[in-house]
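Colleague: Have a look at this one.
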Amino acid sequence: MTKKPTLDAKIPEGAIDEKWTKHKFNMKLVNPANKRKHDVIVVGSGLAGASAAASLGELGYNVKCFCIQDSPRRAHSVAAQGGINAAKNYQNDGDSVHRLFYDTVKGGDFRSREANVHRLAEVSNSIIDQCVAQGVPFAREYGGTLSNRSFGGAQVSRTFYARGQTGQQLLLGAYGSLMRQVDEGTVEMFPRREMLDLVVVDGKARGIIVRNLVSGELEEYAADAVLLCTGGYSTVFYLSTNAVNCNPTAAWRCYKKGAHFANPCFTQIHPTCIPRFGETQSKLTLMSESLRNDGRVWVPKRKGDDRKPIDIPEAERDYYLETKYPAFGNLVPRDIASRNAEDVCKQGRGVGPTGYAVYLDFAEAINRLGKDVIASRYGNLFAMYHEITGDDPYETPMMIYPAPHYTMGGLWVDYNLMTTIEGLFALGEANFSDHGANRLGASALMQGLADGYFVIPYTLGNYLATEKPAPVNTNAPEFTEARKQVSQNIKDLMNIKGKTTADEIHRQLGDIMIDKVGMSRSEAGLKEALEKIPEIRKKFYEDLCIPGDASDYNKELEKAARVADFLELGELMARDALERKESCGGHFRVESQDEEGEAKRDDENFCHGAVWKYNGEGKEPERLIEELHYEHVLPSNRSYK
Amino acid sequence: MKVNLKIWRQAGPDAPGKLVDYTVENVDPSQSFLEMLDSLNEQLVKKGEVPVAFESDCREGICGNCGLVINGIAHGEKGGCTTCEIRMRQYKEGDTITVEPFRAKAFPLIKDLVVNRSAFDRIMSKGGYVAVNAGSAQDANSQLIHRDLAEEAMDAAACIGCGACVAACPNASASLFVGAKISQFTWLPQGQIERSTRAKKMVTQMDSEGFGDCSNHAECEAVCPKEISIANISRMRREFTKSLFARN
């Protein structure tokens, strides 16, 4: 590699397993009596936001926490089903901090930062301790110990879970701690507020502008630091497994204020979701991946074969995963399963009303094991599927199709979780650092809570103690200026008075994103996306329609403001995917595959994070890099044949 | 298919409200109830009219954000599910469906079908937690918990805080919501230290928010999307009564 790294991740010196411990000692502390003099803004109240706000409140900081929902308990972390990893090794099956670290770096296809991942594995155990102490009702064995399961193809059982509602239970734990701090007066909660801009004073993040979603009024808040815990951007695809209000607006406005955005093209598409039924679908429902343990994936061999699945004889079915990957069969990793499903559908062999679905067939498993065994394993999932689609999976094969699920990319942060704007930190899915090009199952909850409970309480203190931010209040001209700009943007959107709804535009963008910047990406397709997205954006600014008033509860205005950002972010994702001329993790470039059609990484040229710097309206963003070094987990290739 | 709707429209908390008739054509039986309302709103927006305000987020029955009274029943006639989980195939051509907000004194109306449920947060802030600071926990397996107790706690903890129990109750009582949270911690060893103060403070806060008392109608259990048992209300009452005699 000849390129020079242009971004310094501030990784501490020392052996990998000593970095965090030493760093914690070396960081400066804020005197207990001084903590209450520091105002901290936390945007978002999911696992990262709630745990950060609660922990900082416990330490004595003066915290203001904002969320778009009516209550912090509704943040989208609530919907995570599977579980949370930790390196406890309670099962005596060979797990360790090092193995969790190793699996996560490898799973990220060598595009994450070793030092961060090691810290994540180190604090994973404290997270479980903390959550159990909060009364999170994790599953238990008859002897009263905590139960674990193997998840997402891991060779050890390190996943802790609370039925299929692990995210909900962890969030309620963090939310409880948050509400306790609200009662103690250390945290002030601001629900139904959407952050629309970051206020930067003397190069440092010093506040935010939010819209009160009930009154429509703009409000300003000042602080010594701003923590962005606003989640990912899968909803750029319109249809995803994310909640309908999930959005990247807060992160995007920070990008435009100088926080660089890393690896926007790293998105995870989950293979087992219920397919869309038609135009008016608003979101996709995820079904547990465990279904692939017993279900067989197939499509008809012949194009356009519209017979009922039961009428298609064995010889005319293509069990494409079993044929192509004899060793792993239906259990190949998420990205491979997703990509192959898309391939067969694009060949015209997809099934269902839209032609974008494949069968997941349990007939063989039911014959072999009996209906009762299958019911005991998947009863809930079968019932849910039956309810949503009207089809009974005991009688006819399920239909599944991949759906955008998680985004590994996000705001660039250094080891201290600070973005390229001093005093602006990004936590959880909103940052980019720990999952590389692909996230392992049950690691999202772990990262959100690691950042909030165990990383930011230290690194934020160090920042405040070192920088000693000067007093600031919302009378500063920067606040007035930012507010004026936000207000003007809203007026501009309201004044278009066209005929197209924000959802219509969003759907058009989503169609392009999933087709060209989705599971497999080609140079031609990405260039096409880069031509089409500006056309959609043009239509948006010419023909958008928002009824009602900006000074009122107005969902259409909320949606439109987000779509404006989706249109820009979508373009950056396509640009990033175009520049990364290799395949890695969830990013598959058709030009970069081996003879057998498998993803080919290019460590020679792309062993780095791509970090995008905003250069102003109408100007091309600049691609900086953070070079990645692997000293403990040496890059190797995956093979599932 | 085509459905007729009677939807509660109210521009703001102090504005007069009324049921307004709408018709939605081309309803797909696979659509969710909220997607059907999305279609209605898209029609209204394209005509330049103000769409019907309603709330939803996850659209898979876990965030607790959505909540409508459909044909007089919170979360609809089907039961055991949230509003967002209802599919249109349970209705038939030409049906007339009435849609209203979750009504309660403690849930003031914001607009149309949107109400303010912040009272739940304030109740939670009085004890819906175990007071343990980050960093001070012991090893997770150092305290064994009987599997049955963990399961009981999980049954109670499944509450999504949607407020259907309040909307269904003739007294607009929040007893099922509060009882579920108190029960979760009553089952677990972690909850014992604050057991008494929790019951006292949460119940007191519930009363001060203007929720009514429970008079054993069990409507709450009937509409609860997570099928949380009213046994939790009895437990809350026991815990509260005991707390009156407790030292702390």
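By convention in this document, the chains of the structure tokens carry letters A, B, ... by their order, each chain's residues are numbered from 1, and ligands are numbered from 1 in the order they are shown.
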Would you tabulate, counting only C-alpha atoms, all residues of chain A that have an atom at most 6 Å from an atom of chain B, showing the closest pair of atoms and their distance in Å to one decimal, sorted by chain then ascending number, as CSV?

Modeller:
residue,atom,partner,partner_atom,distance
A:Arg74,CA,B:Cys63,CA,4.9
A:Asp129,CA,B:Ala140,CA,4.4
A:Gln130,CA,B:Ala137,CA,5.3
A:Val132,CA,B:Ala140,CA,5.9
A:Ala133,CA,B:Ala137,CA,5.9
A:Gln134,CA,B:Val130,CA,5.1
A:Gly135,CA,B:Gln190,CA,5.8
A:Pro137,CA,B:Met154,CA,5.5
A:Arg140,CA,B:Arg147,CA,5.3
A:Tyr142,CA,B:Arg147,CA,5.5
A:Gly144,CA,B:Ile145,CA,4.5
A:Thr145,CA,B:Leu144,CA,5.5
A:Gly176,CA,B:Tyr129,CA,4.7
A:Met179,CA,B:Ser125,CA,4.4
A:Arg180,CA,B:Ser125,CA,5.1
A:Asp183,CA,B:Ser125,CA,5.5
A:Ala243,CA,B:Cys58,CA,3.9
A:Val244,CA,B:Asp57,CA,5.2
A:Asn245,CA,B:Asp57,CA,5.8
A:Lys499,CA,B:Lys46,CA,6.0
A:Pro547,CA,B:Gly48,CA,5.4
A:Gly548,CA,B:Val50,CA,5.5

Colleague: Measuring between only C-alpha atoms, which one of A:Met27, A:Cys265, A:Ser551, A:Tyr233 shows the shortest distance to Arg211 of chain A?

Modeller: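 Checking each candidate against Arg211 of chain A, we get A:Ser551 as the closest.
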
Colleague: To one decimal place, how far is atom CA of Ser639 of chain A from atom CA of Lys516 of chain A in Å?

Modeller: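 Pair atom CA of Ser639 of chain A / atom CA of Lys516 of chain A returns 25.6 Å.
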
Colleague: Nearest to Cys165 of chain B: which of B:Glu194, B:Asp14, B:Glu227, B:Asp207 is it, counting only C-alpha atoms?

Modeller: B:Glu227

Colleague: Show which residues sit within 9 Å of Cys220 of chain B, as a VMD selection string. Count only C-alpha atoms, and ignore same-chain residues fewer than 3 positions away.

Modeller: chain B and resid 164 to 169 173 to 176 217 223 to 224 228 to 230

Colleague: Using only C-alpha atoms, can you tell me which of B:Gly210, B:Gly94, B:Pro13, B:Gly163 comes closest to Ser215 of chain A?

Modeller: B:Pro13

Colleague: For a quick check of understanding, using only C-alpha atoms, which of B:Gly67, B:Gly80, B:Ile73, B:Lys92 has the smallest distance to Met1 of chain B?

Modeller: B:Lys92

Colleague: Could you tell me how far atom CA of Pro621 of chain A sits from atom CA of Ala502 of chain A, in Å to one decimal place?

Modeller: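 Computing it gives 25.7 Å between the two atoms.
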
Colleague: Please run DSSP on the backbone and report, as a list in words, all residues within segment 244-384 of chain A that come out as strand (DSSP E).

Modeller: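 Put together, the selection reads Phe261, Ala262, Thr267, Gln268, Ile269, His270, Pro271, Thr272, Cys273, Arg296, Val297, Trp298, Val299, Pro300, Arg317, Asp318, Val358, Tyr359, Leu360 and Asp361 of chain A.
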
Colleague: Hey, can you check how far atom CA of Ala9 of chain A sits from atom CA of Arg589 of chain A?

Modeller: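 Computing it gives 27.4 Å between the two atoms.
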
Colleague: If you count only C-alpha atoms, which residues fall within 8 Å of Tyr161 of chain A, apart from same-chain ones fewer than 5 positions away, as a ChimeraX atom specification?

Modeller: /A:82-84,138-139,147-148,166

Colleague: Assign secondary structure with DSSP using the backbone only, and return the residues of segment 12-180 of chain B in alpha helix (DSSP H) as a tab-separated table (two decimals) with N, CA and C atoms, in the first residue's frame.

Modeller:
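Saved to out24.tsv:
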chain	number	residue	atom	x	y	z
B	33	PHE	N	-53.87	-3.28	8.40
B	33	PHE	CA	-54.87	-2.24	8.64
B	33	PHE	C	-54.25	-0.85	8.45
B	34	LEU	N	-53.01	-0.70	8.96
B	34	LEU	CA	-52.36	0.61	8.86
B	34	LEU	C	-51.95	0.93	7.42
B	35	GLU	N	-51.62	-0.09	6.65
B	35	GLU	CA	-51.32	0.16	5.24
B	35	GLU	C	-52.57	0.61	4.49
B	36	MET	N	-53.70	0.09	4.91
B	36	MET	CA	-54.97	0.55	4.33
B	36	MET	C	-55.16	2.04	4.68
B	37	LEU	N	-54.85	2.41	5.94
B	37	LEU	CA	-54.95	3.84	6.29
B	37	LEU	C	-53.91	4.67	5.54
B	38	ASP	N	-52.72	4.08	5.30
B	38	ASP	CA	-51.71	4.78	4.47
B	38	ASP	C	-52.30	5.11	3.10
B	39	SER	N	-53.00	4.12	2.52
B	39	SER	CA	-53.59	4.33	1.20
B	39	SER	C	-54.60	5.47	1.23
B	40	LEU	N	-55.42	5.46	2.29
B	40	LEU	CA	-56.38	6.55	2.43
B	40	LEU	C	-55.64	7.89	2.50
B	41	ASN	N	-54.59	7.93	3.33
B	41	ASN	CA	-53.86	9.19	3.49
B	41	ASN	C	-53.20	9.64	2.19
B	42	GLU	N	-52.70	8.68	1.43
B	42	GLU	CA	-52.07	9.06	0.17
B	42	GLU	C	-53.11	9.71	-0.76
B	43	GLN	N	-54.30	9.12	-0.77
B	43	GLN	CA	-55.40	9.74	-1.55
B	43	GLN	C	-55.67	11.16	-1.07
B	44	LEU	N	-55.76	11.33	0.25
B	44	LEU	CA	-56.08	12.65	0.80
B	44	LEU	C	-54.98	13.65	0.46
B	45	VAL	N	-53.74	13.23	0.62
B	45	VAL	CA	-52.61	14.14	0.36
B	45	VAL	C	-52.63	14.58	-1.10
B	46	LYS	N	-52.90	13.62	-1.98
B	46	LYS	CA	-52.90	13.97	-3.41
B	46	LYS	C	-54.02	14.95	-3.77
B	118	SER	N	-47.61	10.07	27.83
B	118	SER	CA	-46.45	10.34	28.68
B	118	SER	C	-46.67	9.95	30.14
B	119	ALA	N	-47.93	9.85	30.54
B	119	ALA	CA	-48.23	9.45	31.92
B	119	ALA	C	-47.54	8.11	32.24
B	120	PHE	N	-47.49	7.23	31.26
B	120	PHE	CA	-46.82	5.93	31.47
B	120	PHE	C	-45.34	6.11	31.81
B	121	ASP	N	-44.69	7.05	31.10
B	121	ASP	CA	-43.27	7.30	31.39
B	121	ASP	C	-43.10	7.81	32.81
B	122	ARG	N	-44.01	8.69	33.22
B	122	ARG	CA	-43.88	9.26	34.57
B	122	ARG	C	-44.09	8.18	35.63
B	123	ILE	N	-45.00	7.25	35.35
B	123	ILE	CA	-45.19	6.14	36.30
B	123	ILE	C	-43.91	5.30	36.36
B	124	MET	N	-43.36	5.02	35.18
B	124	MET	CA	-42.13	4.21	35.13
B	124	MET	C	-40.99	4.88	35.88
B	147	ARG	N	-35.95	-21.19	36.89
B	147	ARG	CA	-36.43	-20.99	35.53
B	147	ARG	C	-37.90	-20.55	35.49
B	148	ASP	N	-38.72	-21.15	36.34
B	148	ASP	CA	-40.14	-20.80	36.35
B	148	ASP	C	-40.36	-19.32	36.73
B	149	LEU	N	-39.53	-18.86	37.66
B	149	LEU	CA	-39.66	-17.45	38.07
B	149	LEU	C	-39.23	-16.53	36.93
B	150	ALA	N	-38.16	-16.90	36.25
B	150	ALA	CA	-37.70	-16.10	35.11
B	150	ALA	C	-38.80	-16.06	34.04
B	151	GLU	N	-39.48	-17.19	33.86
B	151	GLU	CA	-40.55	-17.23	32.85
B	151	GLU	C	-41.74	-16.36	33.28
B	152	GLU	N	-42.08	-16.43	34.55
B	152	GLU	CA	-43.18	-15.59	35.06
B	152	GLU	C	-42.83	-14.11	34.88
B	153	ALA	N	-41.58	-13.80	35.21
B	153	ALA	CA	-41.13	-12.40	35.07
B	153	ALA	C	-41.22	-11.96	33.62
B	154	MET	N	-40.82	-12.87	32.73
B	154	MET	CA	-40.85	-12.55	31.29
B	154	MET	C	-42.28	-12.34	30.82
B	155	ASP	N	-43.21	-13.16	31.30
B	155	ASP	CA	-44.62	-12.99	30.91
B	155	ASP	C	-45.09	-11.57	31.24
B	156	ALA	N	-44.70	-11.10	32.43
B	156	ALA	CA	-45.13	-9.76	32.84
B	156	ALA	C	-44.35	-8.69	32.08
B	157	ALA	N	-43.07	-8.97	31.82
B	157	ALA	CA	-42.20	-7.97	31.17
B	157	ALA	C	-42.54	-7.78	29.70
B	164	ALA	N	-53.56	0.05	25.52
B	164	ALA	CA	-54.87	-0.53	25.17
B	164	ALA	C	-55.66	-0.86	26.43
B	165	CYS	N	-54.95	-1.30	27.48
B	165	CYS	CA	-55.62	-1.67	28.73
B	165	CYS	C	-56.39	-0.47	29.28
B	166	VAL	N	-55.78	0.71	29.17
B	166	VAL	CA	-56.42	1.93	29.66
B	166	VAL	C	-57.64	2.27	28.78
B	167	ALA	N	-57.44	2.16	27.46
B	167	ALA	CA	-58.52	2.51	26.53
B	167	ALA	C	-59.71	1.58	26.70
B	168	ALA	N	-59.46	0.34	27.06
B	168	ALA	CA	-60.55	-0.64	27.16
B	168	ALA	C	-61.28	-0.56	28.49
B	175	SER	N	-54.07	-0.15	35.70
B	175	SER	CA	-53.66	-1.19	36.65
B	175	SER	C	-52.91	-2.34	35.98
B	176	LEU	N	-53.31	-2.71	34.76
B	176	LEU	CA	-52.62	-3.84	34.14
B	176	LEU	C	-51.18	-3.45	33.78
B	177	PHE	N	-51.02	-2.26	33.26
B	177	PHE	CA	-49.69	-1.75	32.91
B	177	PHE	C	-48.79	-1.71	34.16
B	178	VAL	N	-49.31	-1.10	35.22
B	178	VAL	CA	-48.51	-0.94	36.44
B	178	VAL	C	-48.30	-2.30	37.11
B	179	GLY	N	-49.37	-3.10	37.12
B	179	GLY	CA	-49.28	-4.41	37.76
B	179	GLY	C	-48.24	-5.30	37.08
B	180	ALA	N	-48.16	-5.21	35.77
B	180	ALA	CA	-47.21	-6.05	35.03
B	180	ALA	C	-45.79	-5.67	35.41

Colleague: Given only C-alpha atoms as the basis, pick out the residue of A:Ala437, A:Val43, A:Ala337, A:Leu286 nearest to Ile388 of chain A.

Modeller: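 Of all the options, A:Leu286 lies closest to Ile388 of chain A.
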
Colleague: I'd like the neighbourhood of Val24 of chain B as a list in words, where a residue qualifies if any of its atoms comes within 7 Å (using only C-alpha atoms), though same-chain residues fewer than 2 positions away should be ignored.

Modeller: Lys2, Val3, Asn4, Tyr22, Asn26, Val27 and Leu40 of chain B

Colleague: For segment 441-452 of chain A, work out the shell of residues within 6 Å, counting only C-alpha atoms and skipping chain neighbours fewer than 5 positions away, then give it as number ranges by chain.

Modeller: A: 47-48, 51-52, 83-85, 152, 427-428

Colleague: Output the selection as a PDB file, in the first residue's frame - N, CA and C atoms for each residue.

Modeller:
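This is the output file result.pdb:
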ATOM      1  N   LEU A  47     -30.909   1.472  22.387  1.00  0.00           N
ATOM      2  CA  LEU A  47     -29.960   0.872  23.319  1.00  0.00           C
ATOM      3  C   LEU A  47     -28.766   1.781  23.562  1.00  0.00           C
ATOM      4  N   ALA A  48     -28.211   2.364  22.503  1.00  0.00           N
ATOM      5  CA  ALA A  48     -27.041   3.223  22.678  1.00  0.00           C
ATOM      6  C   ALA A  48     -27.423   4.509  23.417  1.00  0.00           C
ATOM      7  N   SER A  51     -28.777   3.912  27.148  1.00  0.00           N
ATOM      8  CA  SER A  51     -27.727   3.470  28.066  1.00  0.00           C
ATOM      9  C   SER A  51     -26.731   4.596  28.304  1.00  0.00           C
ATOM     10  N   ALA A  52     -26.431   5.378  27.278  1.00  0.00           N
ATOM     11  CA  ALA A  52     -25.505   6.499  27.447  1.00  0.00           C
ATOM     12  C   ALA A  52     -26.117   7.570  28.347  1.00  0.00           C
ATOM     13  N   GLY A  83     -30.911 -12.012  20.008  1.00  0.00           N
ATOM     14  CA  GLY A  83     -30.162 -12.105  21.244  1.00  0.00           C
ATOM     15  C   GLY A  83     -28.972 -11.180  21.275  1.00  0.00           C
ATOM     16  N   ILE A  84     -28.158 -11.378  22.312  1.00  0.00           N
ATOM     17  CA  ILE A  84     -26.988 -10.529  22.501  1.00  0.00           C
ATOM     18  C   ILE A  84     -25.789 -11.411  22.859  1.00  0.00           C
ATOM     19  N   ASN A  85     -24.704 -11.190  22.161  1.00  0.00           N
ATOM     20  CA  ASN A  85     -23.500 -11.995  22.384  1.00  0.00           C
ATOM     21  C   ASN A  85     -22.691 -11.488  23.565  1.00  0.00           C
ATOM     22  N   GLY A 152     -26.494 -17.538  14.402  1.00  0.00           N
ATOM     23  CA  GLY A 152     -25.869 -17.064  13.172  1.00  0.00           C
ATOM     24  C   GLY A 152     -24.618 -17.839  12.786  1.00  0.00           C
ATOM     25  N   LEU A 427     -22.705   6.842  18.519  1.00  0.00           N
ATOM     26  CA  LEU A 427     -22.746   5.565  19.228  1.00  0.00           C
ATOM     27  C   LEU A 427     -23.695   4.600  18.525  1.00  0.00           C
ATOM     28  N   GLY A 428     -23.474   3.317  18.725  1.00  0.00           N
ATOM     29  CA  GLY A 428     -24.401   2.302  18.221  1.00  0.00           C
ATOM     30  C   GLY A 428     -24.374   2.213  16.702  1.00  0.00           C
TER      31      GLY A 428
END

Colleague: May I have the residues within 10 Å of Ile514 of chain A as an MDAnalysis selection string, using only C-alpha atoms and disregarding those fewer than 2 positions away in the same chain?

Modeller: chainID A and resid 236:240 269 403:404 509:512 516:521

Colleague: Could the residues in this selection be written to a file with C-alpha atoms, as a PDB file, in the first residue's frame?

Modeller:
ATOM      1  CA  VAL A 236     -33.204   4.508   2.414  1.00  0.00           C
ATOM      2  CA  PHE A 237     -34.405   1.362   0.576  1.00  0.00           C
ATOM      3  CA  TYR A 238     -37.988   2.349   1.503  1.00  0.00           C
ATOM      4  CA  LEU A 239     -38.886  -1.244   2.317  1.00  0.00           C
ATOM      5  CA  SER A 240     -36.743  -2.693   5.089  1.00  0.00           C
ATOM      6  CA  ILE A 269     -29.623  -7.572   3.683  1.00  0.00           C
ATOM      7  CA  ALA A 403     -34.776  -7.342   3.010  1.00  0.00           C
ATOM      8  CA  PRO A 404     -32.437  -4.539   4.117  1.00  0.00           C
ATOM      9  CA  LEU A 509     -35.710   5.927  -4.678  1.00  0.00           C
ATOM     10  CA  GLY A 510     -36.097   2.622  -2.847  1.00  0.00           C
ATOM     11  CA  ASP A 511     -36.688   0.729  -6.099  1.00  0.00           C
ATOM     12  CA  ILE A 512     -33.432   2.016  -7.522  1.00  0.00           C
ATOM     13  CA  LYS A 516     -28.716  -1.152  -8.170  1.00  0.00           C
ATOM     14  CA  VAL A 517     -27.199  -0.625  -4.704  1.00  0.00           C
ATOM     15  CA  GLY A 518     -28.666  -3.696  -3.024  1.00  0.00           C
ATOM     16  CA  MET A 519     -27.474  -7.273  -2.907  1.00  0.00           C
ATOM     17  CA  SER A 520     -25.212  -7.189  -5.941  1.00  0.00           C
ATOM     18  CA  ARG A 521     -23.739  -4.099  -7.477  1.00  0.00           C
TER      19      ARG A 521
END

Colleague: Considering only C-alpha atoms, state which residue in the set B:Ser183, B:Thr204, B:Ser196, B:Gln10 is at the smallest distance from Arg235 of chain B.

Modeller: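 Among the listed residues, B:Ser183 lies closest to Arg235 of chain B.
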